[in-house]
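Enquirer: Pasting structure-v9.csv here (CSV, C-alpha atoms):
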```
chain,number,residue,atom,x,y,z
H,121,MET,CA,12.4,-25.0,23.2
H,122,CYS,CA,10.7,-23.3,20.3
H,123,ARG,CA,8.5,-20.5,21.7
H,124,ASP,CA,6.1,-20.7,18.8
H,125,CYS,CA,5.3,-24.4,18.6
H,126,GLY,CA,6.8,-25.6,21.8
H,127,CYS,CA,9.0,-28.2,20.1
H,128,ASP,CA,12.4,-29.2,21.3
H,129,GLN,CA,13.5,-31.3,18.3
H,130,ALA,CA,16.5,-29.1,17.5
H,131,SER,CA,18.2,-29.6,14.2
H,132,GLN,CA,19.0,-26.9,11.6
H,133,GLU,CA,18.5,-23.3,12.5
H,134,HIS,CA,16.2,-21.2,10.2
H,135,ALA,CA,14.0,-18.1,10.2
H,136,HIS,CA,10.5,-17.8,8.9
H,137,TRP,CA,7.1,-16.1,9.5
H,138,VAL,CA,4.9,-17.0,12.3
H,139,ASN,CA,1.7,-15.0,12.9
H,140,GLY,CA,3.1,-11.9,11.1
H,141,ARG,CA,6.5,-12.0,12.9
H,142,MET,CA,9.9,-13.1,11.8
H,143,VAL,CA,11.1,-15.8,14.1
H,144,ARG,CA,14.5,-17.4,14.1
H,145,HIS,CA,14.7,-20.8,15.8
H,146,THR,CA,15.6,-24.4,15.4
H,147,HIS,CA,13.4,-27.4,14.9
H,148,ALA,CA,12.7,-30.2,12.5
H,149,HIS,CA,9.1,-30.1,11.6
H,150,ASP,CA,6.6,-27.7,9.9
H,151,HIS,CA,4.7,-25.0,11.8
H,152,GLU,CA,0.9,-24.8,11.5
H,153,GLY,CA,0.1,-24.0,7.8
H,154,GLY,CA,3.6,-22.6,7.4
H,155,GLY,CA,4.9,-25.2,5.0
H,156,SER,CA,8.5,-26.3,5.0
H,157,PRO,CA,11.2,-24.0,6.3
H,158,ARG,CA,13.0,-22.4,3.4
H,159,ALA,CA,16.3,-21.9,5.2
H,160,THR,CA,18.2,-24.0,2.7
H,161,ASP,CA,17.1,-21.8,-0.3
H,162,ALA,CA,20.0,-20.0,-1.9
H,163,PRO,CA,19.8,-16.2,-1.9
H,164,ARG,CA,18.5,-14.7,-5.1
H,165,ARG,CA,18.2,-11.3,-6.6
H,166,LEU,CA,14.9,-9.6,-7.6
H,167,VAL,CA,14.7,-6.6,-9.8
H,168,VAL,CA,11.8,-4.6,-8.4
H,169,GLY,CA,11.9,-1.0,-9.8
H,170,ARG,CA,8.7,-0.1,-7.9
H,171,SER,CA,8.0,3.3,-6.3
H,172,VAL,CA,7.7,3.1,-2.5
H,173,LEU,CA,4.7,5.4,-2.9
H,174,ALA,CA,3.1,3.3,-5.6
H,175,LYS,CA,0.3,2.2,-3.3
H,176,ASN,CA,-0.5,5.9,-2.4
H,177,ALA,CA,-0.3,6.8,-6.1
H,178,ALA,CA,-2.8,4.0,-7.0
H,179,ILE,CA,-5.3,5.1,-4.3
H,180,ALA,CA,-4.8,8.8,-5.4
H,181,ALA,CA,-5.7,7.8,-8.9
H,182,GLN,CA,-8.9,6.1,-7.7
H,183,ASN,CA,-9.8,9.2,-5.7
H,184,ARG,CA,-9.2,11.4,-8.8
H,185,MET,CA,-11.5,9.2,-10.8
H,186,TRP,CA,-14.2,9.4,-8.1
H,187,PHE,CA,-13.9,13.2,-7.9
H,188,ALA,CA,-14.1,13.5,-11.7
H,189,SER,CA,-17.1,11.2,-12.1
H,190,HIS,CA,-19.0,13.3,-9.5
H,191,GLY,CA,-17.9,16.8,-10.7
H,192,ILE,CA,-15.9,17.5,-7.6
H,193,HIS,CA,-13.1,20.1,-7.8
H,194,VAL,CA,-10.5,19.5,-5.2
H,195,LEU,CA,-7.8,21.9,-3.9
H,196,ASN,CA,-5.0,20.7,-1.7
H,197,LEU,CA,-3.8,23.6,0.4
H,198,ILE,CA,-0.1,23.2,1.4
H,199,SER,CA,2.1,25.6,3.4
H,200,ALA,CA,4.3,25.8,6.5
H,201,PRO,CA,2.5,25.9,9.8
H,202,GLY,CA,1.3,29.4,10.7
H,203,SER,CA,1.0,30.8,7.2
H,204,GLY,CA,-2.7,31.5,7.6
H,205,LYS,CA,-4.5,28.7,5.9
H,206,THR,CA,-7.2,28.4,8.5
H,207,LEU,CA,-7.9,32.2,8.7
H,208,LEU,CA,-8.1,32.3,4.9
H,209,LEU,CA,-10.6,29.5,4.9
H,210,GLU,CA,-12.6,31.2,7.7
H,211,LYS,CA,-12.9,34.4,5.6
H,212,THR,CA,-13.6,32.3,2.5
H,213,VAL,CA,-16.5,30.5,4.1
H,214,ALA,CA,-17.9,33.7,5.6
H,215,ARG,CA,-17.8,35.4,2.2
H,216,LEU,CA,-19.2,32.6,0.2
H,217,GLY,CA,-22.1,32.0,2.6
H,218,ARG,CA,-23.7,28.8,3.9
H,219,ASN,CA,-25.4,27.9,0.6
H,220,SER,CA,-22.2,27.5,-1.3
H,221,ARG,CA,-21.2,24.0,-2.2
H,222,VAL,CA,-17.9,23.9,-0.3
H,223,VAL,CA,-16.7,21.2,2.0
H,224,ILE,CA,-13.5,21.2,3.9
H,225,LEU,CA,-11.2,18.5,5.3
H,226,THR,CA,-8.6,19.9,7.6
H,227,GLY,CA,-5.6,18.0,8.7
H,228,ASP,CA,-3.5,18.3,11.8
H,229,GLN,CA,-1.5,15.9,13.9
H,230,GLU,CA,-3.7,16.5,16.9
H,231,GLU,CA,-6.7,18.5,18.1
H,232,GLU,CA,-9.9,19.7,16.5
H,233,PHE,CA,-9.2,23.4,16.8
H,234,ASP,CA,-9.2,24.2,13.1
H,235,ALA,CA,-12.5,22.4,12.5
H,236,GLN,CA,-14.0,24.2,15.5
H,237,ARG,CA,-12.9,27.6,14.1
H,238,LEU,CA,-14.3,26.8,10.7
H,239,ARG,CA,-17.5,25.4,12.0
H,240,ALA,CA,-18.1,28.6,13.9
H,241,VAL,CA,-18.3,30.5,10.7
H,242,GLY,CA,-20.7,28.0,9.2
H,243,ALA,CA,-18.3,25.7,7.3
H,244,ASP,CA,-19.1,22.1,6.4
H,245,VAL,CA,-15.9,20.7,7.8
H,246,ARG,CA,-14.3,17.5,9.2
H,247,GLN,CA,-11.1,17.4,11.1
H,248,LEU,CA,-8.6,14.7,10.2
H,249,ASN,CA,-5.9,13.9,12.8
H,250,THR,CA,-2.8,12.2,11.4
H,251,GLY,CA,-1.2,11.4,14.8
H,252,SER,CA,2.5,10.9,14.4
H,253,SER,CA,2.3,11.4,10.6
H,254,CYS,CA,3.3,14.7,9.1
H,255,HIS,CA,1.0,14.7,6.1
H,256,LEU,CA,-2.3,13.4,4.7
H,257,ASP,CA,-2.2,10.4,2.4
H,258,ALA,CA,-4.6,9.2,-0.3
H,259,SER,CA,-6.1,6.4,1.8
H,260,ARG,CA,-7.0,8.9,4.6
H,261,ILE,CA,-8.9,10.9,2.0
H,262,ALA,CA,-10.4,7.8,0.4
H,263,ARG,CA,-12.2,7.0,3.7
H,264,GLU,CA,-14.2,10.2,3.5
H,265,LEU,CA,-15.4,9.7,-0.1
H,266,GLY,CA,-19.1,8.9,-0.2
H,267,GLU,CA,-19.2,9.5,3.6
H,268,PHE,CA,-18.4,13.0,4.6
H,269,VAL,CA,-17.7,14.1,1.0
H,270,LYS,CA,-21.0,13.4,-0.8
H,271,PRO,CA,-21.0,12.4,-4.5
H,272,VAL,CA,-22.4,15.7,-5.7
H,273,PRO,CA,-20.8,18.5,-7.7
H,274,GLN,CA,-19.0,20.7,-5.3
H,275,LEU,CA,-15.7,22.2,-4.2
H,276,LEU,CA,-13.6,20.2,-1.7
H,277,ILE,CA,-10.8,22.1,0.0
H,278,ILE,CA,-8.2,19.9,1.8
H,279,GLU,CA,-6.2,21.9,4.3
H,280,ASN,CA,-3.1,19.7,4.6
H,281,VAL,CA,-0.9,19.4,7.7
H,282,GLY,CA,1.4,22.4,7.9
H,283,ASN,CA,4.6,21.2,6.2
H,284,LEU,CA,6.4,22.1,3.0
H,285,VAL,CA,8.1,18.8,2.3
H,286,CYS,CA,6.0,15.6,2.7
H,287,PRO,CA,2.6,16.8,1.6
H,288,ALA,CA,4.2,17.7,-1.8
H,289,ALA,CA,5.3,14.1,-2.2
H,290,PHE,CA,1.9,12.5,-1.3
H,291,ASP,CA,-0.7,12.8,-4.1
H,292,LEU,CA,-4.2,12.8,-2.7
H,293,GLY,CA,-6.0,12.8,-6.0
H,294,GLU,CA,-6.6,16.6,-5.9
H,295,THR,CA,-7.3,18.7,-9.0
H,296,MET,CA,-4.7,21.2,-8.0
H,297,LYS,CA,-2.1,21.9,-5.3
H,298,VAL,CA,-2.2,25.4,-3.9
H,299,ALA,CA,0.9,26.6,-2.1
H,300,LEU,CA,0.7,29.4,0.5
H,301,LEU,CA,3.6,31.5,1.7
H,302,SER,CA,3.3,34.2,4.3
H,303,THR,CA,5.3,37.4,4.4
H,304,THR,CA,6.8,36.5,7.7
H,305,GLU,CA,8.7,33.6,6.0
H,306,GLY,CA,11.8,34.1,3.9
H,307,GLU,CA,11.4,35.3,0.3
H,308,ASP,CA,13.6,32.4,-0.8
H,309,LYS,CA,11.4,29.6,0.5
H,310,PRO,CA,10.2,28.6,-3.0
H,311,SER,CA,13.8,27.9,-4.0
H,312,LYS,CA,14.5,26.1,-0.8
H,313,TYR,CA,11.4,23.8,-1.1
H,314,PRO,CA,11.2,23.6,-4.9
H,315,LEU,CA,9.0,20.6,-5.3
H,316,LEU,CA,5.9,22.1,-3.7
H,317,PHE,CA,6.2,25.4,-5.5
H,318,HIS,CA,7.0,23.6,-8.8
H,319,GLU,CA,3.8,21.5,-8.5
H,320,ALA,CA,1.5,24.2,-7.3
H,321,GLY,CA,-1.2,25.5,-9.8
H,322,LEU,CA,-1.6,28.6,-7.7
H,323,VAL,CA,0.7,30.4,-5.2
H,324,VAL,CA,-0.9,32.6,-2.6
H,325,LEU,CA,1.2,35.2,-0.7
H,326,THR,CA,-0.6,35.7,2.6
H,327,LYS,CA,-0.3,38.4,5.4
H,328,MET,CA,0.4,41.1,2.8
H,329,ASP,CA,-0.9,43.7,5.3
H,330,LEU,CA,2.3,43.1,7.3
H,331,VAL,CA,4.7,44.1,4.5
H,332,PRO,CA,5.1,47.7,5.7
H,333,HIS,CA,6.4,46.5,9.0
H,334,LEU,CA,8.8,43.9,7.6
H,335,ASP,CA,12.0,43.8,5.6
H,336,TRP,CA,10.3,41.6,3.0
H,337,ASN,CA,10.5,42.1,-0.7
H,338,VAL,CA,7.6,40.9,-2.8
H,339,ASP,CA,9.5,41.1,-6.1
H,340,LEU,CA,12.3,39.1,-4.7
H,341,CYS,CA,9.9,36.4,-3.4
H,342,GLU,CA,8.0,36.3,-6.7
H,343,GLY,CA,11.4,35.9,-8.5
H,344,HIS,CA,12.0,32.8,-6.4
H,345,ILE,CA,8.6,31.4,-7.3
H,346,ARG,CA,9.3,32.0,-11.0
H,347,ARG,CA,12.6,30.2,-10.7
H,348,VAL,CA,10.7,27.0,-10.0
H,349,ASN,CA,7.3,27.7,-11.6
H,350,THR,CA,6.7,29.8,-14.7
H,351,ALA,CA,3.0,29.2,-15.1
H,352,ALA,CA,1.2,29.4,-11.7
H,353,PRO,CA,-0.7,32.6,-11.0
H,354,ILE,CA,0.5,34.4,-7.9
H,355,LEU,CA,-2.2,36.0,-5.6
H,356,ARG,CA,-1.2,38.6,-3.0
H,357,LEU,CA,-3.7,38.7,-0.2
H,358,SER,CA,-4.4,39.5,3.4
H,359,ALA,CA,-7.2,37.5,5.0
H,360,ARG,CA,-7.2,40.0,7.9
H,361,THR,CA,-7.8,43.1,5.8
H,362,GLY,CA,-9.6,41.5,2.9
H,363,GLU,CA,-7.0,42.6,0.4
H,364,GLY,CA,-6.9,40.2,-2.6
H,365,LEU,CA,-9.8,38.1,-1.4
H,366,LYS,CA,-11.9,38.9,-4.5
H,367,PRO,CA,-9.6,37.3,-7.0
H,368,TRP,CA,-9.2,34.3,-4.6
H,369,LEU,CA,-13.0,33.8,-4.4
H,370,ALA,CA,-13.2,34.3,-8.2
H,371,PHE,CA,-10.6,31.5,-8.6
H,372,LEU,CA,-12.5,29.2,-6.3
H,373,GLN,CA,-15.8,29.8,-8.1
H,374,ALA,CA,-14.3,29.4,-11.5
H,375,GLY,CA,-12.8,26.0,-10.5
H,376,PRO,CA,-15.6,23.5,-10.8
H,377,SER,CA,-16.8,24.6,-14.2
N,172,MET,CA,9.8,12.5,10.9
N,173,HIS,CA,8.7,12.0,7.3
N,174,GLU,CA,11.1,9.1,6.6
N,175,VAL,CA,9.4,6.9,9.2
N,176,SER,CA,6.2,6.9,7.1
N,177,LEU,CA,8.2,6.3,3.9
N,178,VAL,CA,10.1,3.3,5.4
N,179,SER,CA,6.7,2.0,6.7
N,180,ALA,CA,5.3,2.2,3.2
N,181,LEU,CA,8.5,0.4,2.1
N,182,VAL,CA,8.0,-2.4,4.6
N,183,ASP,CA,4.4,-2.8,3.3
N,184,GLN,CA,5.6,-3.1,-0.3
N,185,VAL,CA,8.3,-5.6,0.5
N,186,GLU,CA,6.0,-7.8,2.7
N,187,GLU,CA,3.5,-7.9,-0.2
N,188,LEU,CA,6.4,-9.0,-2.5
N,189,ALA,CA,7.4,-11.6,0.0
N,190,ARG,CA,4.0,-13.2,-0.1
N,191,VAL,CA,3.9,-13.2,-3.9
N,192,GLN,CA,7.5,-14.1,-4.6
N,193,HIS,CA,7.8,-16.5,-1.6
N,194,PHE,CA,10.8,-15.3,0.3
N,195,ASP,CA,11.3,-15.2,4.0
N,196,ARG,CA,14.0,-12.6,4.5
N,197,VAL,CA,15.7,-9.8,2.7
N,198,LEU,CA,19.5,-9.8,2.8
N,199,THR,CA,20.1,-6.6,0.9
N,200,ILE,CA,17.8,-3.9,-0.3
N,201,TRP,CA,18.9,-1.3,-3.0
N,202,LEU,CA,16.9,1.9,-2.9
N,203,SER,CA,16.9,4.7,-5.5
N,204,VAL,CA,16.4,8.0,-3.8
N,205,GLY,CA,15.4,10.9,-6.0
N,206,ALA,CA,17.0,14.3,-5.2
N,207,LEU,CA,13.4,15.8,-5.2
N,208,SER,CA,11.7,12.8,-3.6
N,209,GLY,CA,11.5,14.5,-0.2
N,210,ALA,CA,13.4,11.5,1.3
N,211,GLU,CA,16.8,12.1,2.9
N,212,PRO,CA,19.2,9.2,2.9
N,213,SER,CA,20.7,9.9,6.3
N,214,CYS,CA,17.2,10.0,7.9
N,215,ILE,CA,16.2,6.8,6.1
N,216,ASP,CA,19.3,5.2,7.4
N,217,PHE,CA,18.6,6.5,10.9
N,218,CYS,CA,15.2,5.0,11.2
N,219,PHE,CA,15.6,1.9,9.0
N,220,SER,CA,16.6,-0.7,11.6
N,221,GLU,CA,13.8,0.4,14.0
N,222,VAL,CA,11.0,0.6,11.5
N,223,THR,CA,11.9,-2.8,9.9
N,224,ARG,CA,12.1,-4.7,13.1
N,225,SER,CA,9.9,-7.8,13.1
N,226,SER,CA,9.5,-7.6,9.3
N,227,VAL,CA,11.1,-9.5,6.4
N,228,LEU,CA,13.5,-6.5,6.2
N,229,GLU,CA,14.8,-7.0,9.7
N,230,GLY,CA,18.6,-7.1,9.6
N,231,ALA,CA,18.8,-6.4,5.9
N,232,GLN,CA,21.7,-4.4,4.5
N,233,LEU,CA,20.6,-1.1,3.2
N,234,VAL,CA,22.2,0.4,0.0
N,235,MET,CA,21.0,3.7,-1.2
N,236,GLN,CA,21.7,5.3,-4.6
N,237,ARG,CA,20.8,8.9,-5.2
N,238,GLU,CA,18.9,9.6,-8.4
N,239,ASP,CA,19.8,13.0,-9.9
N,240,VAL,CA,17.2,15.4,-11.3
N,241,GLU,CA,16.6,15.2,-15.1
N,242,LEU,CA,14.6,17.9,-16.8
N,243,ALA,CA,13.0,18.0,-20.2
N,244,CYS,CA,12.5,21.5,-21.5
N,245,ARG,CA,9.1,22.3,-23.0
N,246,GLY,CA,10.7,25.1,-25.0
N,247,CYS,CA,13.8,23.7,-26.7
N,248,ALA,CA,13.1,20.0,-26.0
N,249,GLU,CA,16.6,19.5,-24.6
N,250,LEU,CA,17.3,17.3,-21.6
N,251,SER,CA,19.4,18.6,-18.7
N,252,CYS,CA,20.6,17.5,-15.3
N,253,PRO,CA,21.1,20.4,-13.0
N,254,SER,CA,23.8,19.9,-10.3
N,255,ASP,CA,21.7,21.9,-7.9
N,256,PRO,CA,18.3,20.1,-7.5
N,257,ALA,CA,16.6,23.4,-6.7
N,258,ALA,CA,17.7,24.9,-10.1
N,259,LEU,CA,14.6,23.7,-12.0
N,260,PHE,CA,15.4,25.4,-15.3
N,261,CYS,CA,16.7,24.2,-18.7
N,262,GLY,CA,20.5,23.9,-18.8
N,263,THR,CA,20.5,24.8,-22.5
N,264,CYS,CA,18.1,27.8,-22.9
N,265,HIS,CA,17.5,28.6,-19.2
N,266,SER,CA,13.7,28.4,-19.6
N,267,THR,CA,11.9,27.4,-16.3
N,268,ASP,CA,9.1,25.8,-18.3
N,269,VAL,CA,10.4,22.3,-17.7
N,270,ASP,CA,9.1,18.8,-16.9
N,271,ILE,CA,10.8,16.9,-14.1
N,272,ARG,CA,11.6,13.5,-15.8
N,273,LYS,CA,13.7,12.0,-13.0
N,274,GLY,CA,14.5,12.7,-9.4
N,275,GLN,CA,11.0,12.7,-7.9
N,276,ASP,CA,10.8,9.0,-7.1
N,277,PHE,CA,11.8,7.0,-4.1
N,278,ARG,CA,12.0,3.5,-5.5
N,279,ILE,CA,12.9,0.0,-4.5
N,280,ALA,CA,15.5,-0.9,-7.1
N,281,GLU,CA,16.5,-4.5,-6.2
N,282,LEU,CA,16.3,-7.0,-3.4
N,283,GLU,CA,18.5,-9.9,-2.5
N,284,VAL,CA,16.3,-12.4,-0.8
N,285,GLU,CA,16.2,-16.0,0.5
```
Could I get this file's structure written as structure tokens?
Expert:
Amino acid sequence: MCRDCGCDQASQEHAHWVNGRMVRHTHAHDHEGGGSPRATDAPRRLVVGRSVLAKNAAIAAQNRMWFASHGIHVLNLISAPGSGKTLLLEKTVARLGRNSRVVILTGDQEEEFDAQRLRAVGADVRQLNTGSSCHLDASRIARELGEFVKPVPQLLIIENVGNLVCPAAFDLGETMKVALLSTTEGEDKPSKYPLLFHEAGLVVLTKMDLVPHLDWNVDLCEGHIRRVNTAAPILRLSARTGEGLKPWLAFLQAGPS
Amino acid sequence: MHEVSLVSALVDQVEELARVQHFDRVLTIWLSVGALSGAEPSCIDFCFSEVTRSSVLEGAQLVMQREDVELACRGCAELSCPSDPAALFCGTCHSTDVDIRKGQDFRIAELEVE
């Protein structure tokens, strides 16, 4: 007996959609609203040529228009986990003060820890949990527009999920991608993950205060960045000591103009 | 795993096509996987059957074609195709001031449907 319609009039076998599921079975009459079974249709070829991420790209384009029409400058911060994105943002918020027009969306698979840390220093922040997904996508950002992110001129910083691969492939509609790389990572990471470092409008080298304790060569690292990106400024900083924070803050403040 | 979300996006796209183009089932899907797309063919293959279960793609044969990187130099205007996808510099004048013309996309090329 057919499990969808309960019929037992077996004739030709076919497969079609019932309530969002593909069902293979055998019967001789139509399902509710489903029309005639198409099992006898000959196979045909369709040339598609469509990007799998076309839907994300379309939503990102809408986000970008919304940001532009409200004078919102958007930075998408991308790095490996543990490179110091959250600490840099803590120091940034503390230095800019509560009256600065900065809002932060911070992405992690689970937990609210980053938002709690940033809120503690006075940040206007919302945590976005992505669950099993390893990156933020444009639709997740779109949900916050006009809600948490108000339609007023301001700086929006998106702290992406710690990951060097997928966030580089998912456009959020940002003005610029900022890549962070800490001195405890290999100098050759920009060559090993070229897409992110190629697309970044700014590369920040973090944890510079640790260099005296490490076998880490800043010139070698910057050489790897230049292999994939000739134009992006490179900032060396340490959020812990405050080294390099001034040019970083100047970069943020220059952005929205 | 990143490829799970890519294949989920792929299922969404193909289901939308199924509604518009009136097909019930995909027999074969040809994908073009850019060397810089962030999608790894072996990982797509690994999760494909699981992620496509109960969709029009269930049971479909998966054929993947790798798309190499093509660069356009902003300096000398020459096109080049580096054999190493991480070598993002012009094959002619070695400038790193290049546009990535191909190799970033993960595309559905063709479908055989019924």
Enquirer: Looking at all atoms listed in the file, which of H:His190, H:Arg360, H:His318, H:Arg164 is the one that sits closest to Gln275 in chain N?
Expert: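 The closest residue to Gln275 in chain N is H:His318.
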Enquirer: For a quick test of understanding: name the residues of chain H lying within 7 Å of chain N when counting only C-alpha atoms, and present them as a CSV table (one decimal) with C-alpha atoms, keeping the file's coordinate frame.
Expert:
```
chain,number,residue,atom,x,y,z
H,136,HIS,CA,10.5,-17.8,8.9
H,137,TRP,CA,7.1,-16.1,9.5
H,141,ARG,CA,6.5,-12.0,12.9
H,142,MET,CA,9.9,-13.1,11.8
H,161,ASP,CA,17.1,-21.8,-0.3
H,162,ALA,CA,20.0,-20.0,-1.9
H,163,PRO,CA,19.8,-16.2,-1.9
H,164,ARG,CA,18.5,-14.7,-5.1
H,165,ARG,CA,18.2,-11.3,-6.6
H,166,LEU,CA,14.9,-9.6,-7.6
H,167,VAL,CA,14.7,-6.6,-9.8
H,168,VAL,CA,11.8,-4.6,-8.4
H,169,GLY,CA,11.9,-1.0,-9.8
H,170,ARG,CA,8.7,-0.1,-7.9
H,171,SER,CA,8.0,3.3,-6.3
H,172,VAL,CA,7.7,3.1,-2.5
H,173,LEU,CA,4.7,5.4,-2.9
H,253,SER,CA,2.3,11.4,10.6
H,254,CYS,CA,3.3,14.7,9.1
H,285,VAL,CA,8.1,18.8,2.3
H,286,CYS,CA,6.0,15.6,2.7
H,289,ALA,CA,5.3,14.1,-2.2
H,311,SER,CA,13.8,27.9,-4.0
H,312,LYS,CA,14.5,26.1,-0.8
H,314,PRO,CA,11.2,23.6,-4.9
H,315,LEU,CA,9.0,20.6,-5.3
H,347,ARG,CA,12.6,30.2,-10.7
H,348,VAL,CA,10.7,27.0,-10.0
H,349,ASN,CA,7.3,27.7,-11.6
H,350,THR,CA,6.7,29.8,-14.7
```
Enquirer: Given only C-alpha atoms as the basis, pick out the residue of H:His193, H:Arg356, H:Lys175, H:Lys327 nearest to Pro271 in chain H.
Expert: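 When distances to Pro271 in chain H are compared using only C-alpha atoms, the smallest one comes from H:His193.
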Enquirer: As an exercise, work out the distance from CA of Gly343 in chain H to CA of Ser251 in chain N in Å and give it to one decimal place.
Expert: 21.6 Å
Enquirer: Could you state the separation of CA of Arg246 in chain H and CA of Ile278 in chain H in Å, given to one decimal place?
Expert: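 We find that CA of Arg246 in chain H and CA of Ile278 in chain H lie 9.9 Å from each other.
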Enquirer: Pick out the residues sitting within 9 Å of Glu279 in chain H, and hand them over as an mmCIF file with C-alpha atoms, keeping the file's coordinate frame; count all atoms listed in the file, and ignore anything fewer than 2 positions along from it in its own chain.
Expert:
```
data_model
loop_
_atom_site.group_PDB
_atom_site.id
_atom_site.type_symbol
_atom_site.label_atom_id
_atom_site.label_comp_id
_atom_site.auth_asym_id
_atom_site.auth_seq_id
_atom_site.Cartn_x
_atom_site.Cartn_y
_atom_site.Cartn_z
ATOM 1 C CA LEU H 195 -7.800 21.900 -3.900
ATOM 2 C CA ASN H 196 -5.000 20.700 -1.700
ATOM 3 C CA LEU H 197 -3.800 23.600 0.400
ATOM 4 C CA ILE H 198 -0.100 23.200 1.400
ATOM 5 C CA LYS H 205 -4.500 28.700 5.900
ATOM 6 C CA THR H 206 -7.200 28.400 8.500
ATOM 7 C CA LEU H 209 -10.600 29.500 4.900
ATOM 8 C CA ILE H 224 -13.500 21.200 3.900
ATOM 9 C CA LEU H 225 -11.200 18.500 5.300
ATOM 10 C CA THR H 226 -8.600 19.900 7.600
ATOM 11 C CA GLY H 227 -5.600 18.000 8.700
ATOM 12 C CA ASP H 228 -3.500 18.300 11.800
ATOM 13 C CA ILE H 277 -10.800 22.100 0.000
ATOM 14 C CA VAL H 281 -0.900 19.400 7.700
ATOM 15 C CA GLY H 282 1.400 22.400 7.900
#
```
Enquirer: Distance CA of Leu372 in chain H-CA of Glu307 in chain H, one decimal place?
Expert: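 CA of Glu307 in chain H lies at a distance of 25.5 Å from CA of Leu372 in chain H.
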